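What follows is the content of upload27.pdb, which has PDB, C-alpha atoms:
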```
ATOM      1  CA  MET A   1      -2.371  20.091 -32.402
ATOM      2  CA  PRO A   2      -4.112  23.412 -31.416
ATOM      3  CA  LYS A   3      -5.436  23.366 -27.880
ATOM      4  CA  PHE A   4      -9.016  24.000 -29.061
ATOM      5  CA  CYS A   5      -8.914  20.992 -31.404
ATOM      6  CA  PHE A   6      -7.473  18.830 -28.660
ATOM      7  CA  VAL A   7     -10.288  19.817 -26.284
ATOM      8  CA  VAL A   8     -12.891  19.107 -28.971
ATOM      9  CA  LEU A   9     -11.356  15.722 -29.667
ATOM     10  CA  LEU A  10     -11.332  14.807 -25.989
ATOM     11  CA  THR A  11     -14.943  15.908 -25.735
ATOM     12  CA  LEU A  12     -15.870  13.566 -28.574
ATOM     13  CA  LEU A  13     -14.022  10.784 -26.807
ATOM     14  CA  VAL A  14     -15.953  11.442 -23.615
ATOM     15  CA  ILE A  15     -19.241  11.340 -25.549
ATOM     16  CA  SER A  16     -18.223   7.973 -26.956
ATOM     17  CA  ALA A  17     -17.470   6.611 -23.492
ATOM     18  CA  CYS A  18     -20.095   3.936 -24.009
ATOM     19  CA  SER A  19     -17.429   2.099 -26.000
ATOM     20  CA  SER A  20     -17.014  -1.516 -24.934
ATOM     21  CA  PHE A  21     -13.560  -0.809 -23.449
ATOM     22  CA  GLY A  22     -15.215   1.280 -20.780
ATOM     23  CA  ARG A  23     -17.578  -1.456 -19.602
ATOM     24  CA  GLN A  24     -17.097  -3.699 -16.621
ATOM     25  CA  LEU A  25     -17.701  -7.430 -16.750
ATOM     26  CA  PRO A  26     -19.516  -8.506 -13.595
ATOM     27  CA  THR A  27     -19.580 -12.241 -14.176
ATOM     28  CA  ARG A  28     -16.672 -13.201 -16.404
ATOM     29  CA  ASP A  29     -13.099 -12.200 -17.181
ATOM     30  CA  ILE A  30     -12.938 -12.721 -20.940
ATOM     31  CA  ALA A  31     -15.066 -11.039 -23.588
ATOM     32  CA  VAL A  32     -14.965 -10.147 -27.264
ATOM     33  CA  VAL A  33     -15.670  -6.654 -28.535
ATOM     34  CA  PRO A  34     -15.864  -5.319 -32.105
ATOM     35  CA  SER A  35     -12.866  -3.554 -33.585
ATOM     36  CA  SER A  36     -12.154  -1.506 -36.687
ATOM     37  CA  GLN A  37     -10.655  -4.665 -38.152
ATOM     38  CA  THR A  38     -12.609  -7.532 -39.691
ATOM     39  CA  SER A  39     -12.270  -9.779 -36.649
ATOM     40  CA  PRO A  40     -13.279  -9.033 -33.052
ATOM     41  CA  VAL A  41     -10.692  -8.218 -30.412
ATOM     42  CA  PRO A  42     -10.587 -10.485 -27.354
ATOM     43  CA  VAL A  43     -10.378  -8.535 -24.111
ATOM     44  CA  HIS A  44     -10.108  -9.357 -20.437
ATOM     45  CA  LEU A  45     -10.944  -7.512 -17.257
ATOM     46  CA  VAL A  46      -7.863  -6.238 -15.431
ATOM     47  CA  GLN A  47      -7.939  -5.171 -11.790
ATOM     48  CA  HIS A  48      -5.537  -2.312 -11.063
ATOM     49  CA  ALA A  49      -4.875   0.613  -8.750
ATOM     50  CA  MET A  50      -7.788   2.668 -10.117
ATOM     51  CA  GLY A  51     -10.346  -0.151 -10.323
ATOM     52  CA  GLN A  52     -10.934  -2.440 -13.277
ATOM     53  CA  THR A  53     -10.596  -1.967 -17.014
ATOM     54  CA  LEU A  54     -11.311  -4.000 -20.134
ATOM     55  CA  VAL A  55      -8.000  -4.474 -21.933
ATOM     56  CA  PRO A  56      -7.086  -6.353 -25.135
ATOM     57  CA  VAL A  57      -5.774  -9.796 -24.209
ATOM     58  CA  HIS A  58      -2.778  -9.208 -26.472
ATOM     59  CA  PRO A  59      -2.298  -5.440 -26.889
ATOM     60  CA  GLN A  60      -0.410  -4.453 -30.036
ATOM     61  CA  ARG A  61       0.216  -0.735 -29.450
ATOM     62  CA  VAL A  62       1.266  -0.044 -25.878
ATOM     63  CA  VAL A  63       2.174   3.395 -24.571
ATOM     64  CA  VAL A  64       3.973   3.600 -21.220
ATOM     65  CA  ILE A  65       3.734   6.949 -19.452
ATOM     66  CA  GLN A  66       6.104   6.313 -16.549
ATOM     67  CA  ARG A  67       9.788   5.934 -17.306
ATOM     68  CA  TRP A  68      10.596   3.135 -14.872
ATOM     69  CA  LEU A  69       7.831   0.936 -16.333
ATOM     70  CA  VAL A  70       9.293   1.025 -19.848
ATOM     71  CA  GLN A  71      11.359  -2.080 -19.169
ATOM     72  CA  ILE A  72       8.324  -4.257 -18.440
ATOM     73  CA  PRO A  73       6.893  -4.542 -21.983
ATOM     74  CA  LEU A  74      10.449  -4.737 -23.329
ATOM     75  CA  VAL A  75      11.399  -7.706 -21.141
ATOM     76  CA  LEU A  76       8.069  -9.391 -21.920
ATOM     77  CA  GLY A  77       8.410  -8.962 -25.680
ATOM     78  CA  VAL A  78       5.353  -6.704 -26.064
ATOM     79  CA  LYS A  79       5.210  -4.063 -28.814
ATOM     80  CA  LEU A  80       5.844  -0.636 -27.297
ATOM     81  CA  VAL A  81       4.966   2.386 -29.448
ATOM     82  CA  GLY A  82       5.507   5.272 -27.018
ATOM     83  CA  ALA A  83       7.395   6.088 -23.813
ATOM     84  CA  PRO A  84       8.886   9.107 -21.981
ATOM     85  CA  GLY A  85      12.573   9.928 -21.552
ATOM     86  CA  LEU A  86      13.318   7.318 -24.160
ATOM     87  CA  ALA A  87      16.876   8.182 -25.176
ATOM     88  CA  LEU A  88      18.291   7.952 -21.649
ATOM     89  CA  THR A  89      16.258   4.860 -20.797
ATOM     90  CA  LEU A  90      17.399   2.881 -23.814
ATOM     91  CA  GLN A  91      20.958   4.163 -23.592
ATOM     92  CA  GLY A  92      21.206   2.916 -20.021
ATOM     93  CA  LEU A  93      20.073  -0.531 -21.167
ATOM     94  CA  GLY A  94      22.414  -0.594 -24.133
ATOM     95  CA  LEU A  95      19.491  -0.674 -26.594
ATOM     96  CA  GLU A  96      19.082   1.262 -29.822
ATOM     97  CA  ASN A  97      15.674   2.688 -30.660
ATOM     98  CA  LYS A  98      16.184   2.391 -34.410
ATOM     99  CA  HIS A  99      15.387  -1.307 -34.080
ATOM    100  CA  LEU A 100      12.522  -0.817 -31.621
ATOM    101  CA  GLY A 101      10.595   1.977 -33.359
ATOM    102  CA  ILE A 102       9.337   3.620 -30.150
ATOM    103  CA  GLU A 103       8.122   7.230 -30.172
ATOM    104  CA  ASP A 104       9.350   9.551 -27.422
ATOM    105  CA  ILE A 105       6.324  11.167 -25.731
ATOM    106  CA  GLY A 106       8.333  13.720 -23.729
ATOM    107  CA  ALA A 107      10.858  14.164 -20.965
ATOM    108  CA  ALA A 108      10.943  11.587 -18.180
ATOM    109  CA  PHE A 109       9.810  13.815 -15.337
ATOM    110  CA  THR A 110       7.378  16.196 -17.043
ATOM    111  CA  PRO A 111       3.574  15.859 -17.360
ATOM    112  CA  THR A 112       2.390  13.357 -19.951
ATOM    113  CA  ASN A 113       1.964  14.814 -23.450
ATOM    114  CA  LEU A 114      -1.620  13.677 -24.029
ATOM    115  CA  GLU A 115      -1.694  15.023 -27.568
ATOM    116  CA  LYS A 116       1.312  12.916 -28.516
ATOM    117  CA  VAL A 117      -0.196   9.858 -26.851
ATOM    118  CA  MET A 118      -3.396  10.278 -28.897
ATOM    119  CA  THR A 119      -1.496  10.405 -32.188
ATOM    120  CA  LEU A 120       0.033   6.995 -31.440
ATOM    121  CA  LYS A 121      -3.441   5.353 -31.274
ATOM    122  CA  PRO A 122      -2.568   3.011 -28.396
ATOM    123  CA  ASP A 123      -4.699   0.036 -27.477
ATOM    124  CA  LEU A 124      -3.288   0.120 -23.926
ATOM    125  CA  ILE A 125      -1.804   2.871 -21.756
ATOM    126  CA  LEU A 126       0.313   1.741 -18.803
ATOM    127  CA  GLY A 127       1.371   4.029 -15.970
ATOM    128  CA  THR A 128       1.730   4.451 -12.216
ATOM    129  CA  ILE A 129      -0.988   5.774  -9.959
ATOM    130  CA  ASP A 130       1.179   8.280  -8.081
ATOM    131  CA  GLU A 131       2.010  10.289 -11.205
ATOM    132  CA  ASN A 132      -1.188   9.775 -13.201
ATOM    133  CA  ARG A 133      -4.143   9.684 -10.813
ATOM    134  CA  GLU A 134      -5.354  13.133 -11.891
ATOM    135  CA  ASN A 135      -5.084  12.331 -15.610
ATOM    136  CA  TYR A 136      -6.678   8.897 -15.402
ATOM    137  CA  SER A 137     -10.069   9.956 -16.776
ATOM    138  CA  LEU A 138      -8.530  11.705 -19.786
ATOM    139  CA  LEU A 139      -6.152   8.824 -20.447
ATOM    140  CA  SER A 140      -9.000   6.321 -20.241
ATOM    141  CA  HIS A 141     -10.837   8.129 -23.022
ATOM    142  CA  ILE A 142      -7.804   7.822 -25.277
ATOM    143  CA  ALA A 143      -7.350   4.072 -24.677
ATOM    144  CA  PRO A 144      -7.834   1.432 -21.961
ATOM    145  CA  THR A 145      -5.585   2.609 -19.124
ATOM    146  CA  VAL A 146      -4.045   0.552 -16.336
ATOM    147  CA  LEU A 147      -2.270   2.234 -13.438
ATOM    148  CA  VAL A 148      -0.087   0.164 -11.111
ATOM    149  CA  LYS A 149       1.439   0.941  -7.730
ATOM    150  CA  MET A 150       5.121   1.838  -7.625
ATOM    151  CA  PRO A 151       5.585   4.464  -4.904
ATOM    152  CA  ASN A 152       9.384   4.180  -4.890
ATOM    153  CA  SER A 153      12.131   2.591  -6.947
ATOM    154  CA  GLY A 154      12.439  -0.155  -4.340
ATOM    155  CA  ASP A 155       8.859  -1.262  -5.099
ATOM    156  CA  TRP A 156       9.801  -2.461  -8.585
ATOM    157  CA  LYS A 157       8.706  -6.053  -7.981
ATOM    158  CA  GLN A 158       5.296  -4.916  -6.740
ATOM    159  CA  SER A 159       4.432  -3.379 -10.121
ATOM    160  CA  PHE A 160       5.714  -6.200 -12.333
ATOM    161  CA  MET A 161       2.996  -8.874 -12.233
ATOM    162  CA  PRO A 162       0.037  -6.428 -12.350
ATOM    163  CA  ALA A 163       1.603  -4.811 -15.428
ATOM    164  CA  ALA A 164       2.327  -8.232 -16.945
ATOM    165  CA  LYS A 165      -1.313  -9.254 -16.491
ATOM    166  CA  ALA A 166      -2.483  -6.104 -18.266
ATOM    167  CA  LEU A 167      -0.091  -6.942 -21.103
ATOM    168  CA  GLY A 168      -1.411 -10.514 -21.293
ATOM    169  CA  GLN A 169       2.002 -11.954 -20.452
ATOM    170  CA  THR A 170       1.726 -13.563 -17.017
ATOM    171  CA  GLU A 171       3.381 -16.817 -18.089
ATOM    172  CA  THR A 172       6.285 -14.991 -19.695
ATOM    173  CA  ALA A 173       6.574 -12.856 -16.560
ATOM    174  CA  LYS A 174       6.853 -15.968 -14.390
ATOM    175  CA  ARG A 175       9.734 -17.198 -16.562
ATOM    176  CA  VAL A 176      11.473 -13.818 -16.223
ATOM    177  CA  ILE A 177      11.152 -14.014 -12.437
ATOM    178  CA  ASP A 178      12.358 -17.618 -12.390
ATOM    179  CA  LYS A 179      15.444 -16.691 -14.441
ATOM    180  CA  TYR A 180      16.262 -13.842 -12.047
ATOM    181  CA  ASN A 181      15.839 -16.103  -9.014
ATOM    182  CA  ALA A 182      18.052 -18.745 -10.621
ATOM    183  CA  ARG A 183      20.810 -16.178 -11.110
ATOM    184  CA  ILE A 184      20.456 -15.070  -7.495
ATOM    185  CA  ALA A 185      20.798 -18.687  -6.357
ATOM    186  CA  GLU A 186      23.853 -19.162  -8.583
ATOM    187  CA  PHE A 187      25.517 -16.057  -7.152
ATOM    188  CA  LYS A 188      24.919 -17.167  -3.585
ATOM    189  CA  GLU A 189      26.267 -20.637  -4.298
ATOM    190  CA  LYS A 190      29.443 -19.290  -5.903
ATOM    191  CA  MET A 191      30.012 -16.797  -3.087
ATOM    192  CA  GLY A 192      29.792 -19.537  -0.474
ATOM    193  CA  SER A 193      31.134 -18.550   2.927
ATOM    194  CA  GLN A 194      32.216 -15.130   1.605
ATOM    195  CA  LEU A 195      28.615 -14.051   1.150
ATOM    196  CA  LYS A 196      28.040 -12.910   4.725
ATOM    197  CA  LYS A 197      31.537 -11.440   4.980
ATOM    198  CA  THR A 198      31.268  -9.054   2.036
ATOM    199  CA  ARG A 199      29.984  -5.606   2.920
ATOM    200  CA  VAL A 200      28.689  -3.708  -0.104
ATOM    201  CA  SER A 201      28.314   0.066  -0.109
ATOM    202  CA  VAL A 202      26.404   2.014  -2.770
ATOM    203  CA  VAL A 203      26.713   5.762  -3.259
ATOM    204  CA  ARG A 204      24.925   8.026  -5.717
ATOM    205  CA  LEU A 205      27.037  11.032  -6.603
ATOM    206  CA  SER A 206      25.242  14.106  -7.948
ATOM    207  CA  PRO A 207      26.469  17.659  -8.659
ATOM    208  CA  LYS A 208      25.876  18.841  -5.082
ATOM    209  CA  LEU A 209      25.271  15.717  -3.017
ATOM    210  CA  ILE A 210      26.813  12.482  -1.861
ATOM    211  CA  HIS A 211      23.873  10.142  -1.444
ATOM    212  CA  ALA A 212      24.133   6.904   0.542
ATOM    213  CA  THR A 213      21.761   4.370  -1.030
ATOM    214  CA  THR A 214      19.938   2.058   1.380
ATOM    215  CA  LYS A 215      18.055  -1.259   1.278
ATOM    216  CA  GLY A 216      14.856   0.562   0.325
ATOM    217  CA  SER A 217      16.243   1.440  -3.116
ATOM    218  CA  PHE A 218      16.056  -0.473  -6.399
ATOM    219  CA  SER A 219      19.615  -1.801  -6.144
ATOM    220  CA  GLY A 220      19.166  -2.295  -2.397
ATOM    221  CA  VAL A 221      16.438  -4.873  -3.047
ATOM    222  CA  ILE A 222      18.716  -6.768  -5.434
ATOM    223  CA  LEU A 223      21.664  -6.730  -3.017
ATOM    224  CA  GLU A 224      19.411  -8.059  -0.274
ATOM    225  CA  ASP A 225      18.091 -10.773  -2.608
ATOM    226  CA  ALA A 226      21.719 -11.704  -3.260
ATOM    227  CA  GLY A 227      22.333 -12.084   0.484
ATOM    228  CA  LEU A 228      25.001  -9.372   0.675
ATOM    229  CA  ILE A 229      25.451  -7.274   3.800
ATOM    230  CA  ARG A 230      25.469  -3.477   3.870
ATOM    231  CA  PRO A 231      27.330  -0.907   5.972
ATOM    232  CA  PRO A 232      25.355  -0.066   9.141
ATOM    233  CA  SER A 233      24.416   3.372   7.783
ATOM    234  CA  GLN A 234      22.883   1.776   4.655
ATOM    235  CA  ASN A 235      21.238  -1.164   6.400
ATOM    236  CA  LEU A 236      17.884   0.635   6.447
ATOM    237  CA  ASP A 237      14.600  -0.298   4.825
ATOM    238  CA  ALA A 238      12.352   2.279   3.153
ATOM    239  CA  ILE A 239      10.621   3.210   6.422
ATOM    240  CA  GLY A 240      13.884   3.605   8.324
ATOM    241  CA  THR A 241      15.443   5.642   5.516
ATOM    242  CA  LYS A 242      12.418   7.919   5.294
ATOM    243  CA  LYS A 243      12.584   8.620   9.005
ATOM    244  CA  LYS A 244      16.207   9.619   8.564
ATOM    245  CA  GLU A 245      15.700  12.058   5.714
ATOM    246  CA  GLY A 246      12.200  11.900   4.273
ATOM    247  CA  ASN A 247      13.448   9.910   1.282
ATOM    248  CA  PRO A 248      12.716   6.153   1.236
ATOM    249  CA  VAL A 249      15.704   5.111  -0.904
ATOM    250  CA  GLY A 250      18.703   6.995   0.474
ATOM    251  CA  TYR A 251      20.007  10.027   2.302
ATOM    252  CA  SER A 252      22.697  12.662   1.808
ATOM    253  CA  ILE A 253      25.936  12.584   3.767
ATOM    254  CA  SER A 254      28.617  15.215   4.252
ATOM    255  CA  PRO A 255      32.346  14.757   3.489
ATOM    256  CA  GLU A 256      32.987  14.815   7.245
ATOM    257  CA  VAL A 257      31.304  11.418   7.677
ATOM    258  CA  LEU A 258      32.673   9.602   4.640
ATOM    259  CA  THR A 259      33.555   6.640   6.850
ATOM    260  CA  GLN A 260      29.840   5.780   6.706
ATOM    261  CA  ILE A 261      30.237   4.649   3.087
ATOM    262  CA  ASP A 262      33.174   2.329   3.764
ATOM    263  CA  GLY A 263      32.924  -1.358   2.930
ATOM    264  CA  ASP A 264      34.619  -4.240   1.150
ATOM    265  CA  VAL A 265      33.227  -3.045  -2.191
ATOM    266  CA  LEU A 266      31.966   0.408  -3.142
ATOM    267  CA  PHE A 267      29.708   1.009  -6.144
ATOM    268  CA  ILE A 268      29.372   4.619  -7.295
ATOM    269  CA  LEU A 269      26.495   5.861  -9.452
ATOM    270  CA  ARG A 270      26.808   9.267 -11.105
ATOM    271  CA  TYR A 271      23.487  10.997 -11.683
ATOM    272  CA  GLY A 272      22.209  14.410 -12.757
ATOM    273  CA  PHE A 273      25.339  15.770 -14.424
ATOM    274  CA  LYS A 274      25.087  17.932 -17.517
ATOM    275  CA  ASP A 275      28.101  16.293 -19.163
ATOM    276  CA  PRO A 276      30.924  13.776 -18.457
ATOM    277  CA  ALA A 277      33.395  16.570 -17.648
ATOM    278  CA  GLU A 278      31.243  17.825 -14.764
ATOM    279  CA  SER A 279      30.771  14.282 -13.516
ATOM    280  CA  GLN A 280      34.503  13.627 -13.546
ATOM    281  CA  SER A 281      35.223  16.918 -11.772
ATOM    282  CA  VAL A 282      32.832  16.115  -8.904
ATOM    283  CA  LEU A 283      34.273  12.600  -8.624
ATOM    284  CA  HIS A 284      37.777  14.057  -8.304
ATOM    285  CA  GLN A 285      36.519  16.436  -5.616
ATOM    286  CA  LEU A 286      35.199  13.469  -3.655
ATOM    287  CA  MET A 287      38.504  11.647  -3.974
ATOM    288  CA  ALA A 288      40.343  14.743  -2.763
ATOM    289  CA  GLU A 289      38.461  14.765   0.549
ATOM    290  CA  PRO A 290      40.809  14.099   3.539
ATOM    291  CA  LEU A 291      38.874  11.037   4.725
ATOM    292  CA  TRP A 292      38.699   9.415   1.287
ATOM    293  CA  SER A 293      42.193   7.923   1.323
ATOM    294  CA  LYS A 294      41.580   6.484   4.788
ATOM    295  CA  LEU A 295      38.677   4.321   3.707
ATOM    296  CA  ASN A 296      39.390   0.596   3.706
ATOM    297  CA  VAL A 297      37.643   0.167   0.350
ATOM    298  CA  VAL A 298      39.933   2.803  -1.165
ATOM    299  CA  ARG A 299      43.070   1.173   0.190
ATOM    300  CA  GLN A 300      41.896  -2.170  -1.194
ATOM    301  CA  GLY A 301      41.064  -0.634  -4.576
ATOM    302  CA  LYS A 302      37.549  -2.115  -4.620
ATOM    303  CA  ILE A 303      35.717   0.874  -6.109
ATOM    304  CA  HIS A 304      33.580   0.489  -9.213
ATOM    305  CA  ILE A 305      31.762   3.130 -11.259
ATOM    306  CA  VAL A 306      28.580   1.463 -12.526
ATOM    307  CA  ASP A 307      25.766   2.473 -14.867
ATOM    308  CA  GLU A 308      23.497   4.760 -12.901
ATOM    309  CA  PHE A 309      20.403   4.045 -14.981
ATOM    310  CA  CYS A 310      20.554   0.322 -14.363
ATOM    311  CA  TRP A 311      21.360   0.681 -10.658
ATOM    312  CA  LEU A 312      18.939   3.529  -9.967
ATOM    313  CA  ALA A 313      15.544   2.108 -10.941
ATOM    314  CA  GLY A 314      13.693  -0.084 -13.414
ATOM    315  CA  SER A 315      12.609  -3.693 -13.579
ATOM    316  CA  TYR A 316      14.104  -7.081 -14.459
ATOM    317  CA  LEU A 317      16.219  -5.785 -17.367
ATOM    318  CA  SER A 318      18.078  -3.426 -15.032
ATOM    319  CA  ALA A 319      18.049  -5.984 -12.219
ATOM    320  CA  ASN A 320      19.944  -8.426 -14.410
ATOM    321  CA  ARG A 321      22.460  -5.706 -15.309
ATOM    322  CA  VAL A 322      23.051  -5.170 -11.591
ATOM    323  CA  LEU A 323      23.534  -8.920 -11.200
ATOM    324  CA  ASP A 324      26.051  -8.811 -14.067
ATOM    325  CA  ASP A 325      28.061  -6.305 -12.035
ATOM    326  CA  LEU A 326      27.852  -8.421  -8.899
ATOM    327  CA  PHE A 327      29.164 -11.447 -10.802
ATOM    328  CA  SER A 328      31.934  -9.365 -12.400
ATOM    329  CA  TYR A 329      33.127  -7.343  -9.430
ATOM    330  CA  ILE A 330      32.322  -9.342  -6.295
ATOM    331  CA  LEU A 331      32.930 -12.960  -7.259
ATOM    332  CA  VAL A 332      36.563 -12.092  -8.029
ATOM    333  CA  LEU A 333      37.225 -10.988  -4.419
TER     334      LEU A 333
END
```

Would you mind writing the file out in structure tokens?
Amino acid sequence: MPKFCFVVLLTLLVISACSSFGRQLPTRDIAVVPSSQTSPVPVHLVQHAMGQTLVPVHPQRVVVIQRWLVQIPLVLGVKLVGAPGLALTLQGLGLENKHLGIEDIGAAFTPTNLEKVMTLKPDLILGTIDENRENYSLLSHIAPTVLVKMPNSGDWKQSFMPAAKALGQTETAKRVIDKYNARIAEFKEKMGSQLKKTRVSVVRLSPKLIHATTKGSFSGVILEDAGLIRPPSQNLDAIGTKKKEGNPVGYSISPEVLTQIDGDVLFILRYGFKDPAESQSVLHQLMAEPLWSKLNVVRQGKIHIVDEFCWLAGSYLSANRVLDDLFSYILVL
């Protein structure tokens, strides 16, 4: 779409801002507004990080504009028509888009393609406030927009219920949470006395860095839920990790201090590589370091390469994949 046409279209949207979806309801939470269809559309007032917005009670065309939120409508069974970085997101979850029919609205970490979003005619746009605060006004004139708080990957639970409410799926969301908690309880029960004796280390390997992942990360929250202990260097919450390096989820370590990643089990995530050959080369370089062979976890052969997309960030779909790995690799100790 030419830039001039896009500006004109947005201008027309702004002029039509008196649409019912822009109104606030001061005294009630449910209303009915006209639609282009023959029957009215029920809406409800949703409180979110930018205020309050009238949203369809059961949205039918949802666009997500933050990659790590994509899993929320998927796990709740809501129709998703657009999302960023789609190929990698679905690949990491083992899903095929040909059955889902979702349009890719651009790369995961680039500005939202507003023109593409408009063509999808969403009835709800879902995003995070940190990445979309500046675009909120424009997004709101395309469709009702709800922005939730998710400052870091370790805050994944914080964003789930607000997003579920916007999607009209709070009861389904409660069942998803209950299922996750039941699996956590099952894992703890099966681990028994070994639970507090099993030290789990998590490392993210990238082309130029070895990154120790701490309790403030996505997987760190799950490991803590599961009652597993971490190496002292990784036993840091988001605040402690940020003080160490300015990053709330992990920090880089040099080959000279590889002993910091030792444990009873070591999970390695590979992230940011251009192809599998580069990833394998960097992994071999790590294993060639003098201190590598001296690690207890290496001598015990308890090293597991796991899916980086599921361990890095997401919501309950990824969280359950992490739990799958814990059941597979730790219960057999």

Counting only C-alpha atoms, which of A:Leu69, A:Ala166, A:Met118, A:Leu74 gets nearest to A:Thr53?
A:Ala166

Contacts of stretch 149-161 of chain A at 6 Å (all atoms listed in the file; same-chain gap of 2+ positions) as a compact mmCIF listing (two decimals) with C-alpha atoms, keeping the file's coordinate frame:
```txt
# COMPACT_ATOMS: atom_id res chain seq x y z
CA THR A 128 1.73 4.45 -12.22
CA ILE A 129 -0.99 5.77 -9.96
CA ALA A 163 1.60 -4.81 -15.43
CA ALA A 164 2.33 -8.23 -16.94
CA GLY A 216 14.86 0.56 0.32
CA SER A 217 16.24 1.44 -3.12
CA PHE A 218 16.06 -0.47 -6.40
CA ALA A 313 15.54 2.11 -10.94
CA SER A 315 12.61 -3.69 -13.58
```

Applied to the shown file, which residues does the PyMOL selection byres ((chain A and resi 82) around 10) return, written as a PyMOL selection string?
chain A and resi 61-65+70+79-81+83-84+86+101-106+116-117+120-122+125

Looking at all atoms listed in the file, which of A:Leu100, A:Ala185, A:Leu223, A:Ala49 is the one that sits closest to A:Gly127?
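For A:Gly127, the nearest of the candidates is A:Ala49.
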
Any idea what the distance is between atom CA of A:Leu209 and atom CA of A:Asp130?
25.7 Å

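Across A:Lys196, A:Lys215, A:Lys208, A:Lys244, the tightest approach to A:Asp264 is made by A:Lys196 when counting only C-alpha atoms.
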
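The coordinates place atom CA of A:Pro144 at 10.1 Å from atom CA of A:Val46.
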
Hey, what comes out of the PyMOL selection byres ((chain A and resi 295) around 9) on this file? Could you write it as a list in words?
Leu258, Thr259, Ile261, Asp262, Gly263, Leu291, Trp292, Ser293, Lys294, Asn296, Val297, Val298, Arg299 and Gln300 of chain A

Here is a test: counting all atoms listed in the file, which residue of A:Gly85, A:Pro42, A:Gly92, A:Pro290 is nearest to A:Phe309?
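Checking each of A:Gly85, A:Pro42, A:Gly92, A:Pro290 against A:Phe309, counting all atoms listed in the file, the winner is A:Gly92.
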
Using the chain letters and numbering of this document, enumerate as a list in words the residues selected by the PyMOL selection byres ((chain A and resi 48) around 8).
Val46, Gln47, Ala49, Met50, Gly51, Gln52, Thr53, Val146, Leu147, Val148 and Pro162 of chain A

For atom CA of A:Ala143 and atom CA of A:Val43, quote the distance in Å rounded to one decimal.
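For atom CA of A:Ala143 relative to atom CA of A:Val43, the distance reads 13.0 Å.
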
Contact residues around A:Leu195 with only C-alpha atoms at 9 Å, ignoring same-chain residues under 3 positions, as a PyMOL selection string:
chain A and resi 188-192+198-199+226-229
